file entry.pdb (PDB, C-alpha atoms)
ATOM      1  CA  MET B   1      97.064 130.844  98.360
ATOM      2  CA  PRO B   2      96.883 127.282  96.981
ATOM      3  CA  SER B   3      99.931 125.642  95.494
ATOM      4  CA  ALA B   4     100.385 125.215  91.769
ATOM      5  CA  LEU B   5      98.636 122.141  90.393
ATOM      6  CA  ASP B   6     101.849 120.697  88.972
ATOM      7  CA  THR B   7     103.414 120.458  92.422
ATOM      8  CA  PRO B   8     102.784 117.444  94.617
ATOM      9  CA  GLN B   9     101.254 119.628  97.344
ATOM     10  CA  GLY B  10      98.922 121.516  95.017
ATOM     11  CA  ALA B  11      97.869 118.330  93.252
ATOM     12  CA  ALA B  12      97.274 116.543  96.562
ATOM     13  CA  GLU B  13      95.100 119.420  97.755
ATOM     14  CA  LEU B  14      92.954 119.281  94.627
ATOM     15  CA  ALA B  15      92.644 115.490  94.811
ATOM     16  CA  GLU B  16      91.718 115.711  98.484
ATOM     17  CA  SER B  17      88.995 118.223  97.657
ATOM     18  CA  LEU B  18      87.350 115.761  95.237
ATOM     19  CA  LEU B  19      88.121 112.124  95.976
ATOM     20  CA  PRO B  20      87.670 111.252  99.694
ATOM     21  CA  PRO B  21      83.906 110.604  99.305
ATOM     22  CA  LEU B  22      84.803 107.895  96.767
ATOM     23  CA  GLY B  23      86.344 105.649  99.447
ATOM     24  CA  ASN B  24      88.613 103.117  97.794
ATOM     25  CA  ARG B  25      89.305 105.487  94.884
ATOM     26  CA  TRP B  26      90.842 107.908  97.407
ATOM     27  CA  LEU B  27      92.867 105.108  99.014
ATOM     28  CA  HIS B  28      94.070 104.049  95.563
ATOM     29  CA  THR B  29      95.033 107.613  94.641
ATOM     30  CA  GLN B  30      97.049 108.157  97.817
ATOM     31  CA  ALA B  31      98.906 104.886  97.257
ATOM     32  CA  VAL B  32      99.554 105.672  93.570
ATOM     33  CA  ALA B  33     101.084 109.002  94.616
ATOM     34  CA  ALA B  34     103.303 107.207  97.146
ATOM     35  CA  ARG B  35     104.287 104.662  94.502
ATOM     36  CA  ALA B  36     105.102 107.479  92.064
ATOM     37  CA  ARG B  37     107.422 109.007  94.675
ATOM     38  CA  GLU B  38     109.157 105.619  94.919
ATOM     39  CA  ALA B  39     109.453 105.467  91.121
ATOM     40  CA  SER B  40     110.655 109.050  90.748
ATOM     41  CA  ALA B  41     114.246 107.846  90.328
ATOM     42  CA  ALA B  42     113.124 106.560  86.915
ATOM     43  CA  VAL B  43     112.591 110.113  85.619
ATOM     44  CA  SER B  44     114.777 113.182  85.395
ATOM     45  CA  GLU B  45     115.078 115.245  88.533
ATOM     46  CA  ALA B  46     113.237 118.077  86.760
ATOM     47  CA  ASP B  47     110.210 115.814  86.134
ATOM     48  CA  ARG B  48     109.857 114.235  89.584
ATOM     49  CA  ASP B  49     107.345 116.711  91.009
ATOM     50  CA  LEU B  50     105.314 116.512  87.781
ATOM     51  CA  LEU B  51     105.193 112.718  88.051
ATOM     52  CA  VAL B  52     103.919 112.820  91.628
ATOM     53  CA  ALA B  53     101.426 115.583  90.808
ATOM     54  CA  ALA B  54     100.072 113.527  87.885
ATOM     55  CA  ALA B  55      99.744 110.530  90.191
ATOM     56  CA  TRP B  56      97.687 112.566  92.665
ATOM     57  CA  LEU B  57      95.432 113.770  89.843
ATOM     58  CA  HIS B  58      95.212 110.727  87.561
ATOM     59  CA  ASP B  59      91.747 109.673  88.790
ATOM     60  CA  ILE B  60      90.078 113.008  89.597
ATOM     61  CA  GLY B  61      87.806 112.465  86.597
ATOM     62  CA  TYR B  62      85.902 109.930  88.737
ATOM     63  CA  ALA B  63      84.611 112.757  90.965
ATOM     64  CA  PRO B  64      80.860 113.024  90.318
ATOM     65  CA  GLU B  65      81.016 116.803  89.927
ATOM     66  CA  LEU B  66      83.542 116.439  87.095
ATOM     67  CA  ARG B  67      81.701 113.715  85.225
ATOM     68  CA  ASP B  68      80.908 114.739  81.666
ATOM     69  CA  THR B  69      81.746 111.934  79.246
ATOM     70  CA  GLY B  70      81.962 109.231  81.925
ATOM     71  CA  PHE B  71      85.524 108.506  80.781
ATOM     72  CA  HIS B  72      87.627 109.569  83.752
ATOM     73  CA  PRO B  73      90.943 110.346  81.995
ATOM     74  CA  LEU B  74      89.170 112.731  79.632
ATOM     75  CA  ASP B  75      86.922 114.269  82.285
ATOM     76  CA  GLY B  76      89.910 114.792  84.592
ATOM     77  CA  ALA B  77      92.028 116.329  81.832
ATOM     78  CA  ARG B  78      89.231 118.705  80.832
ATOM     79  CA  HIS B  79      88.810 119.837  84.426
ATOM     80  CA  LEU B  80      92.533 120.441  84.839
ATOM     81  CA  GLU B  81      92.620 122.352  81.574
ATOM     82  CA  ALA B  82      89.709 124.525  82.752
ATOM     83  CA  LEU B  83      91.654 125.261  85.947
ATOM     84  CA  GLY B  84      94.635 126.421  83.887
ATOM     85  CA  ALA B  85      96.872 123.490  84.784
ATOM     86  CA  PRO B  86     100.064 123.135  82.760
ATOM     87  CA  ALA B  87      99.464 121.393  79.440
ATOM     88  CA  ARG B  88     101.908 118.590  80.166
ATOM     89  CA  LEU B  89     100.108 117.670  83.392
ATOM     90  CA  VAL B  90      96.778 117.713  81.553
ATOM     91  CA  ARG B  91      98.167 115.394  78.869
ATOM     92  CA  LEU B  92      99.607 112.950  81.416
ATOM     93  CA  VAL B  93      96.242 112.676  83.170
ATOM     94  CA  ALA B  94      94.465 112.304  79.830
ATOM     95  CA  HIS B  95      96.720 109.447  78.735
ATOM     96  CA  HIS B  96      97.444 107.582  81.949
ATOM     97  CA  SER B  97      97.406 103.803  81.892
ATOM     98  CA  GLY B  98      96.600 103.217  78.253
ATOM     99  CA  ALA B  99      93.606 105.559  78.074
ATOM    100  CA  VAL B 100      93.767 105.483  74.281
ATOM    101  CA  TYR B 101      92.590 101.864  74.336
ATOM    102  CA  GLU B 102      89.519 102.637  76.428
ATOM    103  CA  ALA B 103      88.782 105.795  74.440
ATOM    104  CA  GLU B 104      88.589 103.599  71.338
ATOM    105  CA  GLN B 105      86.147 101.248  73.086
ATOM    106  CA  ARG B 106      83.974 104.189  74.154
ATOM    107  CA  GLY B 107      84.019 106.007  70.817
ATOM    108  CA  LEU B 108      85.971 108.901  72.354
ATOM    109  CA  SER B 109      89.228 108.630  70.407
ATOM    110  CA  ALA B 110      88.805 112.009  68.706
ATOM    111  CA  GLU B 111      88.074 113.734  72.015
ATOM    112  CA  LEU B 112      91.141 112.186  73.670
ATOM    113  CA  ALA B 113      93.344 112.967  70.648
ATOM    114  CA  VAL B 114      93.009 116.680  71.477
ATOM    115  CA  TYR B 115      95.604 115.884  74.175
ATOM    116  CA  GLU B 116      98.843 114.719  72.598
ATOM    117  CA  ARG B 117     100.320 111.666  74.275
ATOM    118  CA  GLU B 118     103.948 111.916  75.272
ATOM    119  CA  ASP B 119     105.877 108.684  75.177
ATOM    120  CA  SER B 120     108.288 109.388  77.988
ATOM    121  CA  PRO B 121     109.752 108.048  81.201
ATOM    122  CA  VAL B 122     107.207 110.197  83.068
ATOM    123  CA  LEU B 123     104.197 108.549  81.421
ATOM    124  CA  ASP B 124     105.820 105.146  81.887
ATOM    125  CA  ALA B 125     106.365 105.837  85.603
ATOM    126  CA  LEU B 126     102.775 107.048  86.005
ATOM    127  CA  ILE B 127     101.574 103.812  84.393
ATOM    128  CA  PHE B 128     103.914 101.862  86.685
ATOM    129  CA  ALA B 129     102.488 103.566  89.775
ATOM    130  CA  ASP B 130      98.870 102.950  88.725
ATOM    131  CA  MET B 131      99.397  99.423  87.401
ATOM    132  CA  THR B 132     101.128  98.194  90.555
ATOM    133  CA  THR B 133      98.555  99.630  92.972
ATOM    134  CA  GLY B 134      95.268  97.899  93.720
ATOM    135  CA  PRO B 135      91.826  99.491  93.944
ATOM    136  CA  ALA B 136      92.112 100.094  97.714
ATOM    137  CA  GLY B 137      95.796 101.019  97.709
ATOM    138  CA  GLN B 138      97.267  97.516  97.884
ATOM    139  CA  SER B 139     100.716  96.930  96.437
ATOM    140  CA  PHE B 140     100.322  94.502  93.530
ATOM    141  CA  ASP B 141     102.656  93.110  90.930
ATOM    142  CA  PHE B 142     101.661  93.990  87.374
ATOM    143  CA  ASP B 143      99.935  90.724  86.445
ATOM    144  CA  THR B 144      97.954  90.622  89.693
ATOM    145  CA  ARG B 145      96.758  94.191  89.064
ATOM    146  CA  ILE B 146      95.709  93.477  85.490
ATOM    147  CA  ASP B 147      93.955  90.250  86.517
ATOM    148  CA  GLU B 148      92.156  92.150  89.297
ATOM    149  CA  ILE B 149      90.852  94.699  86.781
ATOM    150  CA  LEU B 150      89.726  91.951  84.407
ATOM    151  CA  VAL B 151      87.799  90.248  87.217
ATOM    152  CA  ARG B 152      86.263  93.506  88.472
ATOM    153  CA  TYR B 153      84.960  94.506  85.019
ATOM    154  CA  GLU B 154      82.657  92.149  83.163
ATOM    155  CA  PRO B 155      83.972  90.512  79.971
ATOM    156  CA  GLY B 156      82.784  92.541  77.007
ATOM    157  CA  SER B 157      82.724  95.816  78.955
ATOM    158  CA  GLU B 158      84.730  98.767  77.666
ATOM    159  CA  VAL B 159      87.248  98.546  80.507
ATOM    160  CA  HIS B 160      87.698  94.768  80.230
ATOM    161  CA  ASN B 161      88.220  94.983  76.464
ATOM    162  CA  ALA B 162      90.563  97.969  76.732
ATOM    163  CA  ILE B 163      92.752  96.480  79.481
ATOM    164  CA  SER B 164      92.970  93.207  77.568
ATOM    165  CA  LYS B 165      94.216  95.039  74.475
ATOM    166  CA  ALA B 166      96.449  97.416  76.460
ATOM    167  CA  ARG B 167      98.160  94.722  78.535
ATOM    168  CA  PRO B 168     101.338  94.462  76.385
ATOM    169  CA  TYR B 169     101.666  98.267  76.186
ATOM    170  CA  LEU B 170     101.165  98.621  79.945
ATOM    171  CA  ARG B 171     103.580  95.765  80.714
ATOM    172  CA  ASP B 172     106.263  97.409  78.569
ATOM    173  CA  ALA B 173     105.839 100.737  80.406
ATOM    174  CA  VAL B 174     106.101  98.994  83.786
ATOM    175  CA  GLU B 175     109.196  97.070  82.684
ATOM    176  CA  ARG B 176     110.885 100.191  81.285
ATOM    177  CA  THR B 177     110.263 101.953  84.597
ATOM    178  CA  ARG B 178     111.630  99.037  86.615
ATOM    179  CA  ASP B 179     114.733  99.024  84.389
ATOM    180  CA  ARG B 180     115.222 102.771  84.831
ATOM    181  CA  MET B 181     114.820 102.449  88.603
ATOM    182  CA  ALA B 182     117.341  99.596  88.726
ATOM    183  CA  HIS B 183     119.944 101.549  86.776
ATOM    184  CA  GLN B 184     119.881 104.723  88.855
ATOM    185  CA  PRO B 185     123.009 105.548  90.844
ATOM    186  CA  MET B 186     122.566 105.228  94.580
TER     187      MET B 186
END

call {"tool": "encode", "arguments": {"input": "entry.pdb", "output": "structure tokens"}}
result
Amino acid sequence: MPSALDTPQGAAELAESLLPPLGNRWLHTQAVAARAREASAAVSEADRDLLVAAAWLHDIGYAPELRDTGFHPLDGARHLEALGAPARLVRLVAHHSGAVYEAEQRGLSAELAVYEREDSPVLDALIFADMTTGPAGQSFDFDTRIDEILVRYEPGSEVHNAISKARPYLRDAVERTRDRMAHQPM
């Protein structure tokens, strides 16, 4: 019997069933999950498994068989919802890494708004894990990661515009997570 989707093992199994054919996307996902484990000290003990599970699942919407809108946070969240995943996990995937900014660029704000965004240490830590991990799993500092995205996506594209607008929001989430990690008792 498969593990629950909101556990790291269950989430990893689902991600592994969808993402390996996508090459670098799979490498990125594995590294984001590892980074989330490193950042788990920034969230309550009760939320640590949820954080790592969300990291495993944050990019499943890129899987071709899940593609509906072409907006991976929304497509991933819809798939998780259809599988009966816990609502909080669905919302974290829907809103990872400033998705609201790209939804606006794509005309999908209303569709994304179905999933309430939680402003929490868990979402911040998920953003931290994604925004400090390169496209093939490299460890990047925040500015290097953002610059890499801006180079990879053509100026004027939805992603380029969204990341440009989201940069301050994303930076704040990364900094809050770093602060929380630094202030955890050893």

call {"tool": "closest_residue", "arguments": {"input": "entry.pdb", "among": "B:Ile127, B:His183, B:Thr144, B:Pro135", "to": "Leu170 (chain B)", "atoms": "all atoms listed in the file"}}
result
B:Ile127

call {"tool": "closest_residue", "arguments": {"input": "entry.pdb", "among": "B:Leu89, B:Ser17, B:Ser139, B:Arg25", "to": "Glu65 (chain B)", "atoms": "all atoms listed in the file"}}
result
B:Ser17

call {"tool": "resolve_selection", "arguments": {"input": "entry.pdb", "expression": "the PyMOL selection byres ((chain B and resi 56) around 12)", "output": "ChimeraX atom specification"}}
result
/B:5-19,25-37,49-55,57-61,76,89,92-93,96,126,129-130

call {"tool": "resolve_selection", "arguments": {"input": "entry.pdb", "expression": "the PyMOL selection byres ((chain B and resi 98-103) around 12)", "output": "number ranges by chain"}}
result
B: 58-59, 69-77, 91-97, 104-119, 123-124, 126-128, 130-131, 157-174

call {"tool": "closest_residue", "arguments": {"input": "entry.pdb", "among": "B:Ala41, B:Leu66, B:Ala136, B:Gly156", "to": "Asp179 (chain B)", "atoms": "all atoms listed in the file"}}
result
B:Ala41

call {"tool": "closest_residue", "arguments": {"input": "entry.pdb", "among": "B:Leu80, B:Val90, B:Ala63, B:Ala125", "to": "Leu22 (chain B)", "atoms": "only C-alpha atoms"}}
result
B:Ala63
